[in-house]
Amino acid sequence: MNFLPILFLLMCLSCFSQEDVIIPIDYTLYKKEFVPGLTQKKANEISARQDNEIRTKSIGKKLPEISVIDTLGSSVLLKKLVIQKTLIAIANAHCGFGLESLTNDLPKALAKIKEADKDLHVIILYERTAEDDDDSTRFNRNLSEIKELYPNVYIIDEIDSKKINVYGSPTRYYFNDKGILMEIKNGLSTVERLFDEITTVYNTL
């Protein structure tokens, strides 16, 4: 029996499967370019190239096979949580901007979204870093506060967040009801701007 056609088919399926999911970029290549004496213009150019690569390798794709931990300690595949139009908001304990967004601005913006009858599923990913492994006091304190504000809170390991090209805190990923990433937004924003952002993106999902 000739197994070559079967092997070829399996290889093709593997390639298609990989092309369908988010492809992680190599952040170390960009970090090497940030050398002492770098001008602001050059730094902006490097950041723009990185952002462009992130968008190219992420938008239009699905989540890979990575797991997150719920607040009871159980592991679940992240992609299984994207069951409809979904906003995934990501932050960590080491960025005041990210925590400010999660604990103040985003909840207020989402309350306005609910009033506008937008059926948006919201998932909060709280990133656990190597620093948190060394001292988890701040991480646990902030996690307790976040859990009071959202019904769907999960912990993602820093290594896994890089696999889906999360860069910076806060970051917001928008998925359609087929589990495809349609938009990426990041940075701190006001309640009004967040409401406008969510409304605008929601209408395109």
# chains A, B, ... in the order shown; residues from 1 in each chain; ligands from 1

$ residues_around --residues "Lys185 of chain A" --least-positions-apart "3" --cutoff "9 Å" --atoms "only C-alpha atoms" --output "count of residues only"
6

$ residues_around --residues "segment 93-107 of chain A" --least-positions-apart "5" --cutoff "12 Å" --atoms "only C-alpha atoms" --output "tab-separated table (two decimals) with C-alpha atoms, in the first residue's frame"
chain	number	residue	atom	x	y	z
A	87	LEU	CA	-14.14	41.01	23.70
A	88	ILE	CA	-11.04	39.65	25.43
A	112	LYS	CA	-23.23	51.59	28.67
A	113	ILE	CA	-22.83	48.85	26.05
A	114	LYS	CA	-25.32	46.70	27.93
A	122	VAL	CA	-16.58	39.65	27.72
A	123	ILE	CA	-13.58	37.67	28.93
A	124	ILE	CA	-10.88	39.12	31.18
A	125	LEU	CA	-7.40	37.64	30.95
A	126	TYR	CA	-5.12	38.56	33.83
A	127	GLU	CA	-1.54	37.87	32.82
A	128	ARG	CA	0.75	36.13	35.29
A	129	THR	CA	4.42	37.03	34.80
A	130	ALA	CA	7.69	35.69	36.17
A	131	GLU	CA	7.69	38.57	38.67
A	132	ASP	CA	4.37	37.34	40.03
A	133	ASP	CA	5.84	33.88	40.57
A	135	ASP	CA	6.04	37.57	44.75
A	136	SER	CA	2.34	37.02	44.14
A	137	THR	CA	1.04	39.49	46.75
A	138	ARG	CA	0.13	42.28	44.35
A	139	PHE	CA	-1.09	39.83	41.72
A	140	ASN	CA	-3.52	38.15	44.13
A	141	ARG	CA	-4.74	41.45	45.56
A	142	ASN	CA	-5.54	42.85	42.12
A	143	LEU	CA	-7.07	39.57	40.97
A	144	SER	CA	-9.53	39.70	43.87
A	145	GLU	CA	-10.60	43.18	42.84
A	146	ILE	CA	-11.03	42.20	39.19
A	147	LYS	CA	-13.09	39.12	40.08
A	148	GLU	CA	-15.63	41.37	41.80
A	149	LEU	CA	-16.22	43.26	38.56
A	150	TYR	CA	-16.50	40.53	35.92
A	151	PRO	CA	-18.13	37.08	35.74
A	153	VAL	CA	-11.99	36.11	34.67
A	155	ILE	CA	-5.36	33.75	34.36
A	158	GLU	CA	2.97	35.33	30.16
A	167	TYR	CA	1.93	43.17	23.72
A	168	GLY	CA	1.30	45.84	26.30
A	169	SER	CA	-1.31	46.36	28.97
A	170	PRO	CA	-4.17	46.89	28.48
A	171	THR	CA	-4.87	45.05	25.22
A	172	ARG	CA	-8.31	44.35	23.73
A	186	ASN	CA	-4.48	48.66	23.15
A	187	GLY	CA	-3.59	51.44	25.50
A	188	LEU	CA	-5.49	53.42	28.09
A	189	SER	CA	-8.68	55.18	27.03
A	190	THR	CA	-11.50	57.14	28.64
A	191	VAL	CA	-14.91	55.63	29.32
A	192	GLU	CA	-16.41	57.56	26.40
A	193	ARG	CA	-13.69	56.53	23.97
A	194	LEU	CA	-13.90	52.91	25.08
A	195	PHE	CA	-17.65	52.98	24.55
A	196	ASP	CA	-17.17	54.41	21.05
A	197	GLU	CA	-14.43	51.87	20.29
A	198	ILE	CA	-16.50	48.89	21.45

$ closest_residue --among "A:Ile25, A:Ala89, A:Val68, A:Leu63" --to "Leu110 of chain A" --atoms "only C-alpha atoms"
A:Ala89

$ residues_around --residues "Phe175 of chain A" --least-positions-apart "5" --cutoff "7 Å" --atoms "only C-alpha atoms" --output "ChimeraX atom specification"
/A:85-87,180-182,205

$ write_last_selection --atoms "C-alpha atoms" --output "compact mmCIF listing (two decimals), in the first residue's frame"
# COMPACT_ATOMS: atom_id res chain seq x y z
CA LYS A 85 -19.07 38.06 19.53
CA THR A 86 -16.39 38.39 22.18
CA LEU A 87 -14.14 41.01 23.70
CA ILE A 180 -11.94 34.84 14.26
CA LEU A 181 -9.95 37.78 15.61
CA MET A 182 -11.26 40.88 13.84
CA LEU A 205 -18.11 41.70 13.91

$ select_by_dssp --residues "segment 53-123 of chain A" --states "alpha helix (DSSP H)" --output "VMD selection string"
chain A and resid 53 to 58 96 to 100 106 to 115

$ write_last_selection --atoms "N, CA and C atoms" --output "PDB file, in the first residue's frame"
ATOM      1  N   GLU A  53       3.348  43.849  12.107  1.00  0.00           N
ATOM      2  CA  GLU A  53       3.541  42.396  12.046  1.00  0.00           C
ATOM      3  C   GLU A  53       2.537  41.677  12.940  1.00  0.00           C
ATOM      4  N   ILE A  54       2.275  42.254  14.121  1.00  0.00           N
ATOM      5  CA  ILE A  54       1.287  41.665  15.025  1.00  0.00           C
ATOM      6  C   ILE A  54      -0.067  41.570  14.334  1.00  0.00           C
ATOM      7  N   ARG A  55      -0.492  42.664  13.719  1.00  0.00           N
ATOM      8  CA  ARG A  55      -1.797  42.684  13.060  1.00  0.00           C
ATOM      9  C   ARG A  55      -1.835  41.703  11.890  1.00  0.00           C
ATOM     10  N   THR A  56      -0.769  41.661  11.106  1.00  0.00           N
ATOM     11  CA  THR A  56      -0.711  40.777   9.934  1.00  0.00           C
ATOM     12  C   THR A  56      -0.818  39.311  10.336  1.00  0.00           C
ATOM     13  N   LYS A  57      -0.160  38.956  11.455  1.00  0.00           N
ATOM     14  CA  LYS A  57      -0.117  37.555  11.865  1.00  0.00           C
ATOM     15  C   LYS A  57      -1.225  37.175  12.851  1.00  0.00           C
ATOM     16  N   SER A  58      -2.086  38.123  13.186  1.00  0.00           N
ATOM     17  CA  SER A  58      -3.131  37.853  14.175  1.00  0.00           C
ATOM     18  C   SER A  58      -4.544  38.059  13.640  1.00  0.00           C
ATOM     19  N   GLY A  96       0.015  50.069  35.677  1.00  0.00           N
ATOM     20  CA  GLY A  96      -1.068  50.812  36.308  1.00  0.00           C
ATOM     21  C   GLY A  96      -2.156  51.184  35.320  1.00  0.00           C
ATOM     22  N   PHE A  97      -1.760  51.458  34.067  1.00  0.00           N
ATOM     23  CA  PHE A  97      -2.734  51.806  33.040  1.00  0.00           C
ATOM     24  C   PHE A  97      -3.694  50.635  32.789  1.00  0.00           C
ATOM     25  N   GLY A  98      -3.129  49.421  32.719  1.00  0.00           N
ATOM     26  CA  GLY A  98      -3.954  48.249  32.466  1.00  0.00           C
ATOM     27  C   GLY A  98      -4.946  47.997  33.571  1.00  0.00           C
ATOM     28  N   LEU A  99      -4.491  48.135  34.801  1.00  0.00           N
ATOM     29  CA  LEU A  99      -5.379  47.916  35.946  1.00  0.00           C
ATOM     30  C   LEU A  99      -6.437  49.007  36.045  1.00  0.00           C
ATOM     31  N   GLU A 100      -6.045  50.240  35.732  1.00  0.00           N
ATOM     32  CA  GLU A 100      -7.008  51.338  35.740  1.00  0.00           C
ATOM     33  C   GLU A 100      -8.117  51.085  34.735  1.00  0.00           C
ATOM     34  N   LEU A 106     -13.203  50.356  31.812  1.00  0.00           N
ATOM     35  CA  LEU A 106     -13.872  49.308  31.042  1.00  0.00           C
ATOM     36  C   LEU A 106     -15.216  48.898  31.651  1.00  0.00           C
ATOM     37  N   PRO A 107     -15.324  48.680  32.973  1.00  0.00           N
ATOM     38  CA  PRO A 107     -16.632  48.329  33.535  1.00  0.00           C
ATOM     39  C   PRO A 107     -17.706  49.371  33.240  1.00  0.00           C
ATOM     40  N   LYS A 108     -17.342  50.646  33.307  1.00  0.00           N
ATOM     41  CA  LYS A 108     -18.299  51.715  33.036  1.00  0.00           C
ATOM     42  C   LYS A 108     -18.706  51.726  31.564  1.00  0.00           C
ATOM     43  N   ALA A 109     -17.729  51.510  30.679  1.00  0.00           N
ATOM     44  CA  ALA A 109     -18.036  51.469  29.251  1.00  0.00           C
ATOM     45  C   ALA A 109     -18.921  50.271  28.922  1.00  0.00           C
ATOM     46  N   LEU A 110     -18.661  49.134  29.548  1.00  0.00           N
ATOM     47  CA  LEU A 110     -19.462  47.935  29.297  1.00  0.00           C
ATOM     48  C   LEU A 110     -20.883  48.090  29.829  1.00  0.00           C
ATOM     49  N   ALA A 111     -21.053  48.844  30.907  1.00  0.00           N
ATOM     50  CA  ALA A 111     -22.400  49.099  31.421  1.00  0.00           C
ATOM     51  C   ALA A 111     -23.206  49.877  30.390  1.00  0.00           C
ATOM     52  N   LYS A 112     -22.555  50.821  29.713  1.00  0.00           N
ATOM     53  CA  LYS A 112     -23.227  51.593  28.673  1.00  0.00           C
ATOM     54  C   LYS A 112     -23.520  50.713  27.456  1.00  0.00           C
ATOM     55  N   ILE A 113     -22.616  49.777  27.166  1.00  0.00           N
ATOM     56  CA  ILE A 113     -22.825  48.848  26.050  1.00  0.00           C
ATOM     57  C   ILE A 113     -24.045  47.971  26.317  1.00  0.00           C
ATOM     58  N   LYS A 114     -24.181  47.533  27.554  1.00  0.00           N
ATOM     59  CA  LYS A 114     -25.324  46.700  27.932  1.00  0.00           C
ATOM     60  C   LYS A 114     -26.624  47.471  27.788  1.00  0.00           C
ATOM     61  N   GLU A 115     -26.595  48.736  28.171  1.00  0.00           N
ATOM     62  CA  GLU A 115     -27.783  49.580  28.038  1.00  0.00           C
ATOM     63  C   GLU A 115     -28.173  49.758  26.571  1.00  0.00           C
TER      64      GLU A 115
END

$ select_by_dssp --residues "segment 28-202 of chain A" --states "strand (DSSP E)" --output "PyMOL selection string"
chain A and resi 67-70+75-77+86-92+121-128+153-157+171-175+181-186

$ residues_around --residues "Ile22 of chain A" --least-positions-apart "5" --cutoff "8 Å" --atoms "only C-alpha atoms" --output "list in words"
Lys57, Ser58, Ile59, Lys61, Lys62, Leu63, Pro64, Lys163, Ile164 and Asn165 of chain A

$ write_last_selection --atoms "C-alpha atoms" --output "compact mmCIF listing (two decimals), in the first residue's frame"
# COMPACT_ATOMS: atom_id res chain seq x y z
CA LYS A 57 -0.12 37.56 11.87
CA SER A 58 -3.13 37.85 14.18
CA ILE A 59 -6.15 39.52 12.58
CA LYS A 61 -7.08 34.17 12.45
CA LYS A 62 -8.30 31.98 15.31
CA LEU A 63 -6.81 31.27 18.73
CA PRO A 64 -4.29 28.42 18.97
CA LYS A 163 1.81 33.04 21.66
CA ILE A 164 -1.21 35.15 20.75
CA ASN A 165 0.87 38.33 20.31

$ decode --residues "segment 27-112 of chain A" --atoms "C-alpha atoms" --output "short mmCIF file (atom, residue, chain, number, x, y, z; two decimals), in the first residue's frame"
data_model
loop_
_atom_site.label_atom_id
_atom_site.label_comp_id
_atom_site.auth_asym_id
_atom_site.auth_seq_id
_atom_site.Cartn_x
_atom_site.Cartn_y
_atom_site.Cartn_z
CA TYR A 27 9.69 40.05 20.02
CA THR A 28 13.41 39.56 20.66
CA LEU A 29 14.22 40.81 17.16
CA TYR A 30 12.57 44.13 17.91
CA LYS A 31 14.10 44.42 21.37
CA LYS A 32 17.57 44.16 19.81
CA GLU A 33 16.86 47.29 17.79
CA PHE A 34 16.15 49.40 20.86
CA VAL A 35 19.75 50.41 21.57
CA PRO A 36 21.05 53.32 23.68
CA GLY A 37 20.92 56.65 21.85
CA LEU A 38 17.96 55.67 19.71
CA THR A 39 16.00 58.68 18.48
CA GLN A 40 12.27 58.93 19.17
CA LYS A 41 11.58 58.88 15.44
CA LYS A 42 13.49 55.62 15.02
CA ALA A 43 11.81 54.11 18.09
CA ASN A 44 8.41 54.99 16.63
CA GLU A 45 9.37 53.34 13.33
CA ILE A 46 10.38 50.12 15.11
CA SER A 47 7.16 50.09 17.15
CA ALA A 48 5.11 50.67 14.00
CA ARG A 49 6.79 47.73 12.24
CA GLN A 50 6.14 45.53 15.27
CA ASP A 51 2.48 46.57 15.44
CA ASN A 52 2.08 45.91 11.72
CA GLU A 53 3.54 42.40 12.05
CA ILE A 54 1.29 41.66 15.03
CA ARG A 55 -1.80 42.68 13.06
CA THR A 56 -0.71 40.78 9.93
CA LYS A 57 -0.12 37.56 11.87
CA SER A 58 -3.13 37.85 14.18
CA ILE A 59 -6.15 39.52 12.58
CA GLY A 60 -8.30 37.19 10.49
CA LYS A 61 -7.08 34.17 12.45
CA LYS A 62 -8.30 31.98 15.31
CA LEU A 63 -6.81 31.27 18.73
CA PRO A 64 -4.29 28.42 18.97
CA GLU A 65 -4.48 25.54 21.45
CA ILE A 66 -3.54 27.38 24.64
CA SER A 67 -5.09 27.00 28.07
CA VAL A 68 -6.03 29.52 30.73
CA ILE A 69 -6.94 29.01 34.39
CA ASP A 70 -10.28 30.00 35.85
CA THR A 71 -10.61 31.52 39.32
CA LEU A 72 -11.22 28.07 40.84
CA GLY A 73 -7.97 26.71 39.43
CA SER A 74 -9.39 24.67 36.54
CA SER A 75 -7.74 24.69 33.11
CA VAL A 76 -9.76 25.45 29.98
CA LEU A 77 -8.91 26.00 26.31
CA LEU A 78 -9.14 29.71 25.61
CA LYS A 79 -10.69 29.23 22.18
CA LYS A 80 -13.57 27.29 23.76
CA LEU A 81 -14.57 30.46 25.62
CA VAL A 82 -15.15 32.45 22.42
CA ILE A 83 -18.73 31.33 21.84
CA GLN A 84 -20.15 34.49 20.25
CA LYS A 85 -19.07 38.06 19.53
CA THR A 86 -16.39 38.39 22.18
CA LEU A 87 -14.14 41.01 23.70
CA ILE A 88 -11.04 39.65 25.43
CA ALA A 89 -9.42 42.30 27.63
CA ILE A 90 -5.88 41.57 28.86
CA ALA A 91 -3.81 43.28 31.54
CA ASN A 92 -1.19 42.45 34.16
CA ALA A 93 -0.27 43.54 37.67
CA HIS A 94 2.73 45.59 36.54
CA CYS A 95 0.99 48.22 34.47
CA GLY A 96 -1.07 50.81 36.31
CA PHE A 97 -2.73 51.81 33.04
CA GLY A 98 -3.95 48.25 32.47
CA LEU A 99 -5.38 47.92 35.95
CA GLU A 100 -7.01 51.34 35.74
CA SER A 101 -8.71 50.27 32.54
CA LEU A 102 -9.93 46.96 33.96
CA THR A 103 -11.13 48.27 37.30
CA ASN A 104 -12.57 51.63 36.33
CA ASP A 105 -13.00 52.63 32.67
CA LEU A 106 -13.87 49.31 31.04
CA PRO A 107 -16.63 48.33 33.54
CA LYS A 108 -18.30 51.72 33.04
CA ALA A 109 -18.04 51.47 29.25
CA LEU A 110 -19.46 47.94 29.30
CA ALA A 111 -22.40 49.10 31.42
CA LYS A 112 -23.23 51.59 28.67
#
